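Q: Contents of work-v4.csv (CSV, C-alpha atoms and all ligand atoms):
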chain,number,residue,atom,x,y,z
E,131,MET,CA,-27.4,-28.1,17.4
E,132,ARG,CA,-28.6,-24.4,17.3
E,133,ALA,CA,-26.1,-23.7,14.5
E,134,LEU,CA,-27.4,-26.7,12.6
E,135,LEU,CA,-30.9,-25.5,13.0
E,136,ALA,CA,-30.0,-22.0,11.7
E,137,GLY,CA,-28.3,-23.7,8.8
E,138,ALA,CA,-31.3,-25.9,8.1
E,139,ARG,CA,-33.6,-22.8,8.1
E,140,ARG,CA,-31.3,-21.0,5.7
E,141,LYS,CA,-31.5,-24.1,3.4
E,142,GLN,CA,-35.2,-24.6,3.6
E,143,THR,CA,-36.0,-23.0,0.3
E,144,SER,CA,-33.4,-25.1,-1.6
E,145,LEU,CA,-34.6,-28.2,0.3
E,146,LEU,CA,-38.1,-27.6,-0.9
E,147,GLU,CA,-36.8,-27.0,-4.4
E,148,THR,CA,-34.9,-30.3,-4.4
E,149,ALA,CA,-38.0,-32.1,-3.1
E,150,ARG,CA,-40.2,-30.4,-5.8
E,151,ARG,CA,-37.8,-31.5,-8.5
E,152,LEU,CA,-38.0,-35.1,-7.3
E,153,VAL,CA,-41.8,-35.0,-7.0
E,154,LEU,CA,-42.2,-33.5,-10.5
E,155,CYS,CA,-40.2,-36.5,-11.8
E,156,GLU,CA,-43.0,-39.1,-11.3
E,157,SER,CA,-41.7,-42.5,-10.4
E,158,PRO,CA,-44.1,-45.4,-10.0
E,159,SER,CA,-42.4,-48.6,-9.0
E,160,ASP,CA,-43.6,-50.5,-12.1
E,161,SER,CA,-42.0,-48.1,-14.6
E,162,LYS,CA,-38.3,-48.6,-14.8
E,163,SER,CA,-37.6,-45.7,-17.1
E,164,ALA,CA,-39.6,-43.3,-14.9
E,165,VAL,CA,-37.9,-44.4,-11.6
E,166,ASP,CA,-34.5,-44.4,-13.3
E,167,ALA,CA,-35.0,-40.8,-14.3
E,168,CYS,CA,-35.7,-39.9,-10.7
E,169,VAL,CA,-32.6,-41.9,-9.6
E,170,ALA,CA,-30.6,-39.9,-12.2
E,171,LEU,CA,-31.8,-36.6,-10.6
E,172,ALA,CA,-30.8,-37.7,-7.1
E,173,ALA,CA,-27.5,-39.0,-8.4
E,174,ALA,CA,-26.6,-35.7,-10.1
E,175,HIS,CA,-27.5,-33.8,-6.9
E,176,ALA,CA,-25.3,-36.1,-4.8
E,177,ARG,CA,-22.4,-35.8,-7.3
E,178,ASN,CA,-22.6,-32.0,-7.0
E,179,LEU,CA,-22.1,-32.4,-3.3
E,180,GLY,CA,-18.9,-34.4,-4.0
E,181,ALA,CA,-20.3,-37.9,-3.3
E,182,ARG,CA,-19.2,-41.1,-4.9
E,183,VAL,CA,-22.2,-42.6,-6.8
E,184,ARG,CA,-22.7,-46.2,-7.7
E,185,LEU,CA,-25.7,-47.7,-9.6
E,186,HIS,CA,-26.8,-51.2,-8.9
E,187,ARG,CA,-28.4,-51.8,-12.3
E,188,GLN,CA,-31.6,-53.8,-12.5
E,189,ARG,CA,-33.3,-55.3,-15.5
E,190,ASN,CA,-37.0,-55.2,-14.6
E,191,PHE,CA,-37.0,-52.7,-11.8
E,192,GLY,CA,-35.5,-49.2,-11.3
E,193,ASP,CA,-31.8,-49.1,-10.5
E,194,ILE,CA,-30.6,-48.9,-6.9
E,195,LEU,CA,-28.6,-45.8,-6.1
E,196,GLU,CA,-25.7,-46.1,-3.6
E,197,ILE,CA,-24.3,-42.7,-2.6
E,198,ARG,CA,-21.2,-42.5,-0.4
E,199,PHE,CA,-20.0,-39.3,1.3
E,200,ALA,CA,-16.4,-39.6,2.6
E,201,PRO,CA,-15.6,-38.0,5.9
E,202,ARG,CA,-14.1,-34.5,5.8
E,203,PRO,CA,-11.5,-33.8,7.0
E,204,ALA,CA,-10.3,-37.0,5.5
E,205,LYS,CA,-9.1,-38.6,8.7
E,206,PRO,CA,-12.1,-40.4,10.1
E,207,ARG,CA,-12.5,-41.0,13.8
E,208,ALA,CA,-10.9,-44.2,14.8
E,209,GLN,CA,-12.7,-47.3,13.6
E,210,SER,CA,-16.1,-45.8,13.2
E,211,LYS,CA,-18.1,-47.6,10.6
E,212,PRO,CA,-20.4,-45.8,8.3
E,213,ILE,CA,-24.0,-44.8,9.0
E,214,LEU,CA,-26.6,-46.0,6.5
E,215,LEU,CA,-29.3,-43.6,5.5
E,216,LEU,CA,-32.1,-45.7,3.9
E,217,GLY,CA,-34.8,-44.5,1.5
E,218,HIS,CA,-36.6,-45.1,-1.7
E,219,LEU,CA,-37.4,-43.1,-4.8
E,220,ASP,CA,-40.4,-45.1,-6.1
E,221,THR,CA,-43.9,-44.2,-5.3
E,222,VAL,CA,-47.3,-45.8,-5.5
E,223,TRP,CA,-48.6,-43.1,-7.9
E,224,PRO,CA,-49.0,-43.8,-11.6
E,225,ILE,CA,-47.6,-41.4,-14.2
E,226,GLY,CA,-50.0,-38.5,-14.7
E,227,THR,CA,-51.1,-38.3,-11.1
E,228,LEU,CA,-49.6,-34.7,-11.0
E,229,ALA,CA,-52.5,-33.6,-13.2
E,230,SER,CA,-55.0,-34.2,-10.3
E,231,MET,CA,-52.5,-33.9,-7.4
E,232,PRO,CA,-50.3,-31.0,-8.4
E,233,CYS,CA,-47.0,-30.4,-6.6
E,234,ARG,CA,-47.6,-27.1,-4.8
E,235,ILE,CA,-47.1,-25.2,-1.5
E,236,ARG,CA,-50.4,-24.3,0.2
E,237,ASP,CA,-51.5,-23.8,3.8
E,238,GLY,CA,-47.9,-24.4,5.1
E,239,ARG,CA,-47.6,-27.7,3.3
E,240,LEU,CA,-45.9,-29.2,0.3
E,241,TRP,CA,-48.5,-31.3,-1.5
E,242,GLY,CA,-48.1,-33.9,-4.2
E,243,PRO,CA,-47.6,-37.6,-5.0
E,244,GLY,CA,-44.6,-39.0,-3.2
E,245,THR,CA,-43.9,-35.9,-1.1
E,246,LEU,CA,-44.4,-37.6,2.3
E,247,ASP,CA,-43.5,-41.1,1.1
E,248,MET,CA,-40.7,-40.2,0.7
E,249,LYS,CA,-39.1,-37.7,-1.6
E,250,VAL,CA,-39.1,-35.0,1.0
E,251,GLY,CA,-37.2,-37.4,3.3
E,252,VAL,CA,-34.6,-37.9,0.6
E,253,ALA,CA,-34.3,-34.1,0.2
E,254,MET,CA,-33.9,-33.7,3.9
E,255,ALA,CA,-31.1,-36.3,4.0
E,256,LEU,CA,-29.2,-34.6,1.1
E,257,THR,CA,-29.7,-31.2,2.9
E,258,ALA,CA,-28.5,-32.6,6.3
E,259,ILE,CA,-25.3,-33.9,4.6
E,260,GLU,CA,-24.7,-30.6,2.8
E,261,LEU,CA,-25.0,-28.8,6.2
E,262,LEU,CA,-22.4,-31.2,7.7
E,263,LEU,CA,-20.0,-30.8,4.7
E,264,GLU,CA,-20.2,-27.0,4.9
E,265,ALA,CA,-19.5,-27.0,8.6
E,266,ASN,CA,-16.7,-29.6,8.3
E,267,LEU,CA,-18.6,-31.9,10.6
E,268,LEU,CA,-18.8,-35.0,8.5
E,269,ARG,CA,-16.5,-37.2,10.6
E,270,ARG,CA,-17.6,-40.6,9.4
E,271,GLU,CA,-18.6,-42.1,6.1
E,272,ILE,CA,-22.3,-41.8,5.2
E,273,VAL,CA,-24.0,-44.2,2.8
E,274,LEU,CA,-27.3,-43.0,1.3
E,275,LEU,CA,-29.0,-45.9,-0.3
E,276,LEU,CA,-32.1,-45.2,-2.4
E,277,ASN,CA,-34.0,-48.1,-3.9
E,278,SER,CA,-36.7,-48.3,-6.5
E,279,ASP,CA,-38.8,-51.2,-5.4
E,280,GLU,CA,-39.8,-50.4,-1.8
E,281,GLU,CA,-43.5,-50.0,-2.6
E,282,ILE,CA,-43.7,-53.4,-4.2
E,283,GLY,CA,-41.9,-55.4,-1.5
E,284,SER,CA,-38.1,-54.6,-2.0
E,285,SER,CA,-37.5,-58.0,-3.5
E,286,VAL,CA,-34.5,-56.9,-5.6
E,287,SER,CA,-33.1,-54.2,-3.3
E,288,ARG,CA,-33.3,-56.3,-0.1
E,289,PRO,CA,-29.9,-58.2,-0.6
E,290,VAL,CA,-28.2,-54.9,-1.5
E,291,THR,CA,-29.7,-53.2,1.6
E,292,GLU,CA,-28.7,-56.1,3.8
E,293,SER,CA,-25.1,-56.4,2.6
E,294,ILE,CA,-24.4,-52.6,3.0
E,295,ALA,CA,-26.2,-52.5,6.4
E,296,ARG,CA,-23.9,-55.3,7.7
E,297,THR,CA,-21.0,-52.9,7.2
E,298,CYS,CA,-22.6,-50.1,9.1
E,299,ASP,CA,-22.9,-49.0,12.7
E,300,ALA,CA,-26.5,-47.8,12.5
E,301,VAL,CA,-29.4,-47.4,10.0
E,302,PHE,CA,-31.5,-44.3,9.8
E,303,VAL,CA,-34.7,-44.8,7.7
E,304,LEU,CA,-36.1,-41.8,5.9
E,305,GLU,CA,-39.7,-42.9,6.0
E,306,PRO,CA,-42.2,-40.4,7.4
E,307,ALA,CA,-42.6,-39.8,11.1
E,308,GLN,CA,-45.5,-41.5,12.9
E,309,GLY,CA,-47.4,-38.3,13.7
E,310,LEU,CA,-44.4,-36.4,15.3
E,311,ALA,CA,-42.7,-39.5,16.6
E,312,TYR,CA,-39.8,-41.6,15.4
E,313,LYS,CA,-40.5,-45.3,14.9
E,314,THR,CA,-38.7,-47.8,17.1
E,315,ALA,CA,-40.8,-50.9,16.2
E,316,ARG,CA,-42.6,-52.2,13.2
E,317,LYS,CA,-44.5,-55.4,12.7
E,318,GLY,CA,-43.4,-58.1,10.4
E,319,ILE,CA,-45.5,-58.9,7.3
E,320,GLY,CA,-46.5,-62.2,5.8
E,321,ASN,CA,-48.7,-63.1,2.8
E,322,TRP,CA,-50.5,-66.4,2.3
E,323,ARG,CA,-52.7,-67.7,-0.4
E,324,ILE,CA,-55.2,-70.5,0.2
E,325,ASP,CA,-56.6,-72.4,-2.8
E,326,VAL,CA,-59.5,-74.8,-2.4
E,327,GLU,CA,-60.3,-77.4,-5.0
E,328,GLY,CA,-63.8,-79.0,-4.6
E,329,ILE,CA,-66.0,-81.0,-6.9
E,330,ALA,CA,-68.4,-79.2,-9.4
E,331,ALA,CA,-71.9,-80.4,-9.7
E,332,HIS,CA,-75.4,-79.2,-10.8
E,333,ALA,CA,-76.8,-77.4,-7.8
E,334,GLY,CA,-80.2,-78.9,-8.5
E,335,VAL,CA,-79.7,-82.2,-10.1
E,336,ASP,CA,-76.5,-83.5,-8.5
E,337,PHE,CA,-76.2,-81.4,-5.3
E,338,ALA,CA,-74.9,-84.3,-3.1
E,339,LYS,CA,-72.2,-85.1,-5.6
E,340,GLY,CA,-70.7,-81.7,-5.3
E,341,ALA,CA,-68.0,-80.6,-2.8
E,342,ASN,CA,-68.5,-76.9,-2.3
E,343,ALA,CA,-65.2,-75.1,-2.5
E,344,ILE,CA,-66.6,-71.8,-1.3
E,345,ARG,CA,-68.2,-73.4,1.8
E,346,GLU,CA,-64.8,-75.1,2.6
E,347,LEU,CA,-63.0,-71.8,2.1
E,348,ALA,CA,-65.4,-70.0,4.4
E,349,ARG,CA,-64.6,-72.4,7.2
E,350,VAL,CA,-60.9,-72.0,6.6
E,351,ILE,CA,-61.3,-68.2,6.7
E,352,VAL,CA,-63.0,-68.5,10.1
E,353,THR,CA,-60.2,-70.7,11.3
E,354,VAL,CA,-57.3,-68.5,10.2
E,355,SER,CA,-59.0,-65.3,11.3
E,356,GLY,CA,-59.3,-66.8,14.7
E,357,TRP,CA,-55.5,-66.8,15.0
E,358,THR,CA,-55.6,-63.0,15.4
E,359,ASP,CA,-54.4,-62.1,18.9
E,360,LEU,CA,-54.9,-58.4,19.3
E,361,LYS,CA,-53.4,-58.3,22.8
E,362,ARG,CA,-50.1,-59.5,21.4
E,363,GLY,CA,-50.5,-57.4,18.2
E,364,LEU,CA,-50.7,-60.4,15.9
E,365,THR,CA,-53.3,-60.0,13.1
E,366,VAL,CA,-54.5,-62.4,10.4
E,367,SER,CA,-56.7,-60.6,7.9
E,368,VAL,CA,-58.3,-62.2,4.8
E,369,GLY,CA,-58.1,-59.4,2.3
E,370,VAL,CA,-59.3,-60.9,-1.0
E,371,ALA,CA,-61.5,-63.9,-1.7
E,372,SER,CA,-63.2,-65.3,-4.7
E,373,GLY,CA,-64.7,-68.5,-6.0
E,374,GLY,CA,-67.2,-70.2,-8.1
E,375,SER,CA,-68.6,-69.4,-11.6
E,376,LYS,CA,-72.4,-69.5,-11.7
E,377,SER,CA,-75.0,-69.7,-8.9
E,378,ASN,CA,-76.5,-72.9,-10.1
E,379,ILE,CA,-73.2,-74.8,-10.0
E,380,VAL,CA,-71.7,-76.2,-6.8
E,381,PRO,CA,-68.3,-74.5,-7.0
E,382,ALA,CA,-65.2,-76.5,-7.7
E,383,SER,CA,-62.7,-73.7,-6.8
E,384,ALA,CA,-62.3,-70.8,-4.4
E,385,TRP,CA,-59.3,-68.9,-3.1
E,386,ALA,CA,-58.3,-66.2,-0.6
E,387,GLU,CA,-55.3,-64.0,0.1
E,388,VAL,CA,-54.3,-63.4,3.7
E,389,ASP,CA,-52.3,-60.6,5.2
E,390,VAL,CA,-50.4,-61.5,8.4
E,391,ARG,CA,-48.7,-59.0,10.8
E,392,ILE,CA,-46.4,-60.3,13.6
E,393,PRO,CA,-44.8,-58.3,16.4
E,394,ARG,CA,-42.0,-60.8,17.2
E,395,ILE,CA,-39.5,-62.7,15.0
E,396,ALA,CA,-40.4,-65.9,16.7
E,397,ASP,CA,-44.1,-65.5,15.7
E,398,GLY,CA,-43.1,-66.1,12.1
E,399,ALA,CA,-42.3,-69.8,12.4
E,400,ARG,CA,-45.3,-70.4,14.6
E,401,ILE,CA,-47.8,-68.9,12.2
E,402,ALA,CA,-46.1,-70.7,9.3
E,403,ARG,CA,-46.6,-74.0,11.0
E,404,LYS,CA,-50.3,-73.2,11.6
E,405,PHE,CA,-50.9,-72.4,7.9
E,406,ALA,CA,-49.0,-75.6,6.9
E,407,SER,CA,-51.2,-77.7,9.2
E,408,LEU,CA,-54.6,-76.5,7.7
E,409,LYS,CA,-56.8,-79.5,6.8
E,410,PRO,CA,-60.0,-79.6,4.9
E,411,HIS,CA,-63.3,-80.1,6.8
E,412,ASP,CA,-64.9,-81.8,3.8
E,413,GLN,CA,-62.4,-84.6,3.0
E,414,ARG,CA,-63.4,-84.4,-0.7
E,415,CYS,CA,-61.9,-80.8,-0.9
E,416,LYS,CA,-58.2,-80.2,-1.4
E,417,LEU,CA,-56.4,-77.3,0.2
E,418,THR,CA,-53.2,-75.7,-1.3
E,419,VAL,CA,-51.6,-73.2,1.1
E,420,THR,CA,-48.6,-71.1,0.0
E,421,GLY,CA,-47.0,-68.1,1.6
E,422,GLU,CA,-44.4,-66.9,4.0
E,423,ILE,CA,-43.3,-64.0,6.2
E,424,ASN,CA,-41.6,-61.6,3.8
E,425,ARG,CA,-40.7,-58.8,6.1
E,426,PRO,CA,-39.4,-59.8,9.6
E,427,PRO,CA,-40.6,-57.5,12.4
E,428,MET,CA,-38.4,-54.6,13.5
E,429,GLU,CA,-38.3,-55.3,17.2
E,430,ARG,CA,-37.7,-52.6,19.8
E,431,SER,CA,-34.1,-53.6,20.4
E,432,ARG,CA,-31.6,-52.2,22.8
E,433,GLY,CA,-29.6,-50.6,19.9
E,434,THR,CA,-32.7,-48.9,18.5
E,435,ILE,CA,-33.6,-47.5,21.9
E,436,ARG,CA,-30.1,-46.2,22.3
E,437,LEU,CA,-30.4,-44.3,19.0
E,438,TYR,CA,-33.9,-43.1,19.9
E,439,ARG,CA,-32.6,-41.7,23.3
E,440,GLN,CA,-29.8,-39.9,21.5
E,441,ALA,CA,-32.3,-38.4,19.0
E,442,ARG,CA,-34.6,-37.4,21.9
E,443,SER,CA,-31.9,-35.5,23.7
E,444,LEU,CA,-30.7,-33.7,20.5
E,445,ALA,CA,-34.4,-32.8,19.8
E,446,ALA,CA,-34.6,-31.3,23.3
E,447,GLU,CA,-31.6,-29.1,22.5
E,448,LEU,CA,-33.5,-28.0,19.4
E,449,GLY,CA,-36.5,-27.2,21.5
E,450,PHE,CA,-39.0,-30.0,20.8
E,451,THR,CA,-40.1,-33.2,22.4
E,452,LEU,CA,-39.5,-36.3,20.3
E,453,ASP,CA,-41.6,-39.4,21.1
E,454,GLU,CA,-41.2,-42.9,19.9
E,455,ALA,CA,-44.0,-45.0,18.3
E,456,SER,CA,-44.6,-48.4,16.8
E,457,THR,CA,-46.5,-49.3,13.7
E,458,GLY,CA,-48.1,-52.2,11.9
E,459,GLY,CA,-46.7,-51.1,8.6
E,460,GLY,CA,-43.3,-52.3,7.2
E,461,SER,CA,-40.3,-50.6,5.7
E,462,ASP,CA,-36.8,-51.5,4.6
E,463,GLY,CA,-35.8,-50.9,8.3
E,464,ASN,CA,-37.4,-54.3,9.1
E,465,PHE,CA,-34.7,-56.0,7.1
E,466,THR,CA,-31.8,-54.2,8.7
E,467,ALA,CA,-33.2,-54.4,12.3
E,468,ALA,CA,-33.7,-58.2,11.8
E,469,LEU,CA,-29.9,-58.4,11.1
E,470,GLY,CA,-29.3,-56.9,14.5
E,471,ILE,CA,-28.1,-53.5,13.2
E,472,PRO,CA,-29.5,-50.7,15.4
E,473,THR,CA,-32.2,-49.1,13.2
E,474,LEU,CA,-34.2,-45.9,13.8
E,475,ASP,CA,-37.1,-45.3,11.5
E,476,GLY,CA,-39.5,-42.4,10.7
E,477,MET,CA,-36.6,-39.9,10.4
E,478,GLY,CA,-38.1,-38.3,7.3
E,479,ALA,CA,-40.9,-35.8,6.9
E,480,VAL,CA,-43.8,-35.0,9.1
E,481,GLY,CA,-47.2,-34.9,7.3
E,482,GLU,CA,-50.3,-36.8,6.3
E,483,GLY,CA,-51.8,-38.9,3.6
E,484,ALA,CA,-49.1,-41.4,2.4
E,485,HIS,CA,-50.6,-43.4,-0.5
E,486,ALA,CA,-53.7,-41.1,-0.3
E,487,LYS,CA,-55.0,-38.1,-2.3
E,488,HIS,CA,-54.1,-35.6,0.5
E,489,GLU,CA,-50.4,-36.6,0.7
E,490,SER,CA,-48.6,-33.6,2.0
E,491,VAL,CA,-45.7,-32.5,4.2
E,492,VAL,CA,-45.8,-29.9,7.0
E,493,ILE,CA,-43.1,-27.3,6.1
E,494,GLU,CA,-42.5,-25.9,9.6
E,495,HIS,CA,-41.1,-29.3,10.7
E,496,LEU,CA,-38.6,-29.5,7.9
E,497,ALA,CA,-35.8,-27.4,9.3
E,498,PRO,CA,-35.9,-28.9,12.9
E,499,ARG,CA,-36.1,-32.5,11.6
E,500,THR,CA,-33.3,-31.9,9.1
E,501,ALA,CA,-31.1,-30.4,11.8
E,502,LEU,CA,-31.9,-33.4,14.0
E,503,LEU,CA,-30.9,-35.8,11.2
E,504,ALA,CA,-27.7,-33.9,10.7
E,505,GLY,CA,-27.0,-34.1,14.5
E,506,MET,CA,-27.6,-37.8,14.5
E,507,LEU,CA,-25.1,-38.2,11.6
E,508,ILE,CA,-22.4,-36.5,13.6
E,509,GLY,CA,-23.1,-39.3,16.1
N,1,ZN,ZN,-42.0,-45.3,1.9
Can the structure in the file be given as structure tokens, please?
Ligand SMILES: [Zn+2]

A:
Amino acid sequence: MRALLAGARRKQTSLLETARRLVLCESPSDSKSAVDACVALAAAHARNLGARVRLHRQRNFGDILEIRFAPRPAKPRAQSKPILLLGHLDTVWPIGTLASMPCRIRDGRLWGPGTLDMKVGVAMALTAIELLLEANLLRREIVLLLNSDEEIGSSVSRPVTESIARTCDAVFVLEPAQGLAYKTARKGIGNWRIDVEGIAAHAGVDFAKGANAIRELARVIVTVSGWTDLKRGLTVSVGVASGGSKSNIVPASAWAEVDVRIPRIADGARIARKFASLKPHDQRCKLTVTGEINRPPMERSRGTIRLYRQARSLAAELGFTLDEASTGGGSDGNFTAALGIPTLDGMGAVGEGAHAKHESVVIEHLAPRTALLAGMLIG
């Protein structure tokens, strides 16, 4: 591990340069051409390292980049399946963000849109693999899968991620660390929408003929919010609501969008049943409820704990303490963990401000974390 750390320190400048090139290539999820340009950059870098590169072309989203590094020397250890390194190249930042959030090094950090989430993580993965290639330590196949739609729900990349994950022994997710910790559990995420149809009426002349959709919605909001169970870590949050048109009209329509977070896979069906059983208080109002759990939770499984313990002991060899953490946020690791593939998350950069103006990565953690990633890939 010490040799890997020395190697990672030697490569820190080139790691930062790789990250900077990726950040300068702005790649919002909703611009296919922009994300594809960033995909092309990463693909060229991987080809230079001798990887096999395959593009899963998409019509409306950026392409999905599948990079395979064959073991060297060519004889792999008996029957070891590949390890999947999972990341994404899209960001939440629109084109032109660099003008107000320049990519630069200051105060021991690399700043800029998409640094922490997660272009530095991608650069760390490429650097870790380069270290192993140079030291002849790549003893099993590594698949680096980079998608272009993570920030908008991974709807097109999910099946690709799942089918590759099924062929792998373990999944390492390159999302940022939680503070300094790796992530061993993530909540599942669901989205529901509630539409209320009432009866419009003049608020003065025909008040009693009206069925107020906003009032009905307000009652429903109180009901669904009451399903929150903080002790269990289950939350139901109404995030957007609207209704009506003018104050002197009893409103005929109102709607709300609801964010649901669940700690356990089994919670999904339970909460879905509750939404399906919602009934109007005012019988003249009609409720339409749509939605589902779209990211299953990443539960703290035995396989994940085993990976975490392995990482913790390698980190100790490197001279630092590695904690584990859980989070309410989702990642593509939710999908692979739900398939039963041991998944360890938060293996990318350490920093602050994902999706925020102060997005940045702490440079002093780059070399140790890259060495740790390399150590985990040796397995
Ligand atoms: Zn991310």

Q: What lies within 12 Å of Ala467 of chain E using only C-alpha atoms, ignoring chain neighbours under 6 positions off, as a PyMOL selection string?

A: chain E and resi 291-292+295-296+298-303+313-318+394-395+425-435+460-461+473-475

Q: Selection from above, C-alpha atoms, as an mmCIF file, keeping the file's coordinate frame, can you write it?

A:
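Just written: again03.cif:
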data_model
loop_
_atom_site.group_PDB
_atom_site.id
_atom_site.type_symbol
_atom_site.label_atom_id
_atom_site.label_comp_id
_atom_site.auth_asym_id
_atom_site.auth_seq_id
_atom_site.Cartn_x
_atom_site.Cartn_y
_atom_site.Cartn_z
ATOM 1 C CA THR E 291 -29.700 -53.200 1.600
ATOM 2 C CA GLU E 292 -28.700 -56.100 3.800
ATOM 3 C CA ALA E 295 -26.200 -52.500 6.400
ATOM 4 C CA ARG E 296 -23.900 -55.300 7.700
ATOM 5 C CA CYS E 298 -22.600 -50.100 9.100
ATOM 6 C CA ASP E 299 -22.900 -49.000 12.700
ATOM 7 C CA ALA E 300 -26.500 -47.800 12.500
ATOM 8 C CA VAL E 301 -29.400 -47.400 10.000
ATOM 9 C CA PHE E 302 -31.500 -44.300 9.800
ATOM 10 C CA VAL E 303 -34.700 -44.800 7.700
ATOM 11 C CA LYS E 313 -40.500 -45.300 14.900
ATOM 12 C CA THR E 314 -38.700 -47.800 17.100
ATOM 13 C CA ALA E 315 -40.800 -50.900 16.200
ATOM 14 C CA ARG E 316 -42.600 -52.200 13.200
ATOM 15 C CA LYS E 317 -44.500 -55.400 12.700
ATOM 16 C CA GLY E 318 -43.400 -58.100 10.400
ATOM 17 C CA ARG E 394 -42.000 -60.800 17.200
ATOM 18 C CA ILE E 395 -39.500 -62.700 15.000
ATOM 19 C CA ARG E 425 -40.700 -58.800 6.100
ATOM 20 C CA PRO E 426 -39.400 -59.800 9.600
ATOM 21 C CA PRO E 427 -40.600 -57.500 12.400
ATOM 22 C CA MET E 428 -38.400 -54.600 13.500
ATOM 23 C CA GLU E 429 -38.300 -55.300 17.200
ATOM 24 C CA ARG E 430 -37.700 -52.600 19.800
ATOM 25 C CA SER E 431 -34.100 -53.600 20.400
ATOM 26 C CA ARG E 432 -31.600 -52.200 22.800
ATOM 27 C CA GLY E 433 -29.600 -50.600 19.900
ATOM 28 C CA THR E 434 -32.700 -48.900 18.500
ATOM 29 C CA ILE E 435 -33.600 -47.500 21.900
ATOM 30 C CA GLY E 460 -43.300 -52.300 7.200
ATOM 31 C CA SER E 461 -40.300 -50.600 5.700
ATOM 32 C CA THR E 473 -32.200 -49.100 13.200
ATOM 33 C CA LEU E 474 -34.200 -45.900 13.800
ATOM 34 C CA ASP E 475 -37.100 -45.300 11.500
#

Q: Using only C-alpha atoms and all ligand atoms, determine which residues fall within 7 Å of ligand ZN 1 (chain N), then list them as a PyMOL selection string.

A: chain E and resi 218+247-248+280-281+305+461

Q: Output C-alpha atoms of each residue in that selection to a file, as a PDB file, in the coordinates of the input.

A:
ATOM      1  CA  HIS E 218     -36.600 -45.100  -1.700  1.00  0.00           C
ATOM      2  CA  ASP E 247     -43.500 -41.100   1.100  1.00  0.00           C
ATOM      3  CA  MET E 248     -40.700 -40.200   0.700  1.00  0.00           C
ATOM      4  CA  GLU E 280     -39.800 -50.400  -1.800  1.00  0.00           C
ATOM      5  CA  GLU E 281     -43.500 -50.000  -2.600  1.00  0.00           C
ATOM      6  CA  GLU E 305     -39.700 -42.900   6.000  1.00  0.00           C
ATOM      7  CA  SER E 461     -40.300 -50.600   5.700  1.00  0.00           C
TER       8      SER E 461
END

Q: Any idea what the distance is between atom CA of Pro381 of chain E and atom CA of Thr365 of chain E?

A: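 Going from atom CA of Pro381 of chain E over to atom CA of Thr365 of chain E, I get 29.0 Å.
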
Q: Excluding same-chain residues fewer than 5 positions from Leu310 of chain E, what lies within 8 Å of it counting all atoms listed in the file, as a PyMOL selection string?

A: chain E and resi 452-453+480

Q: Would you mind reading off the distance between atom CA of Phe465 of chain E and atom CA of Lys404 of chain E, one decimal, in Å?

A: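 Atom CA of Lys404 of chain E lies 23.7 Å from atom CA of Phe465 of chain E.
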
Q: How many Å lie between atom CA of Ala445 of chain E and atom CA of Pro498 of chain E, rounded to one decimal?

A: 8.1 Å

Q: Every residue with an atom at most 12 Å from (-37.0, -42.3, 4.9) (file coordinates; all atoms listed in the file) is what I'm after, so could you write them as a PyMOL selection string?

A: chain E and resi 214-220+244-256+274-277+280+301-308+312-313+461-463+473-480+499-500+503

Q: Within 8 Å of Pro243 of chain E, counting only C-alpha atoms, which residues qualify if same-chain residues fewer than 2 places away don't, as a PyMOL selection string?

A: chain E and resi 153+156+221+223+227-228+231-233+241+245-246+485+487+489

Q: Go through E:His186, E:Arg139, E:His488, E:Arg239 and flag the residue nearest Thr257 of chain E, using all atoms listed in the file for the distances.

A: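 The shortest atom-to-atom distance to Thr257 of chain E comes from E:Arg139.
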
Q: Return the single residue from E:Lys361, E:Arg442, E:Arg349, E:Arg182 that is closest to Lys409 of chain E, with distances computed using only C-alpha atoms.

A: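 Selected residue with least distance to Lys409 of chain E: E:Arg349.
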
Q: Find the residues with any atom within 12 Å of (-44.0, -67.1, 15.9); use all atoms listed in the file and the coordinates as given in the file, and write the answer as an MDAnalysis selection string.

A: chainID E and resid 318:320 357 359 362:364 390:405 422:423 426:427

Q: Under the rule that only C-alpha atoms are counted, which of E:Val368, E:Ile235, E:Ala136, E:Ile213 is the nearest residue to Val492 of chain E?

A: E:Ile235

Q: Have a look at E:Glu147, E:Glu271, E:Pro410, E:Ala484 and name the one nearest to Arg198 of chain E; count only C-alpha atoms.

A: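 Ranked by minimum distance to Arg198 of chain E, first place goes to E:Glu271.
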
Q: Quick one: everything within 7 Å of Ser367 of chain E, counting all atoms listed in the file, minus sequence neighbours fewer than 3 positions away in the same chain. Send it as number ranges by chain.

A: E: 355, 388-390
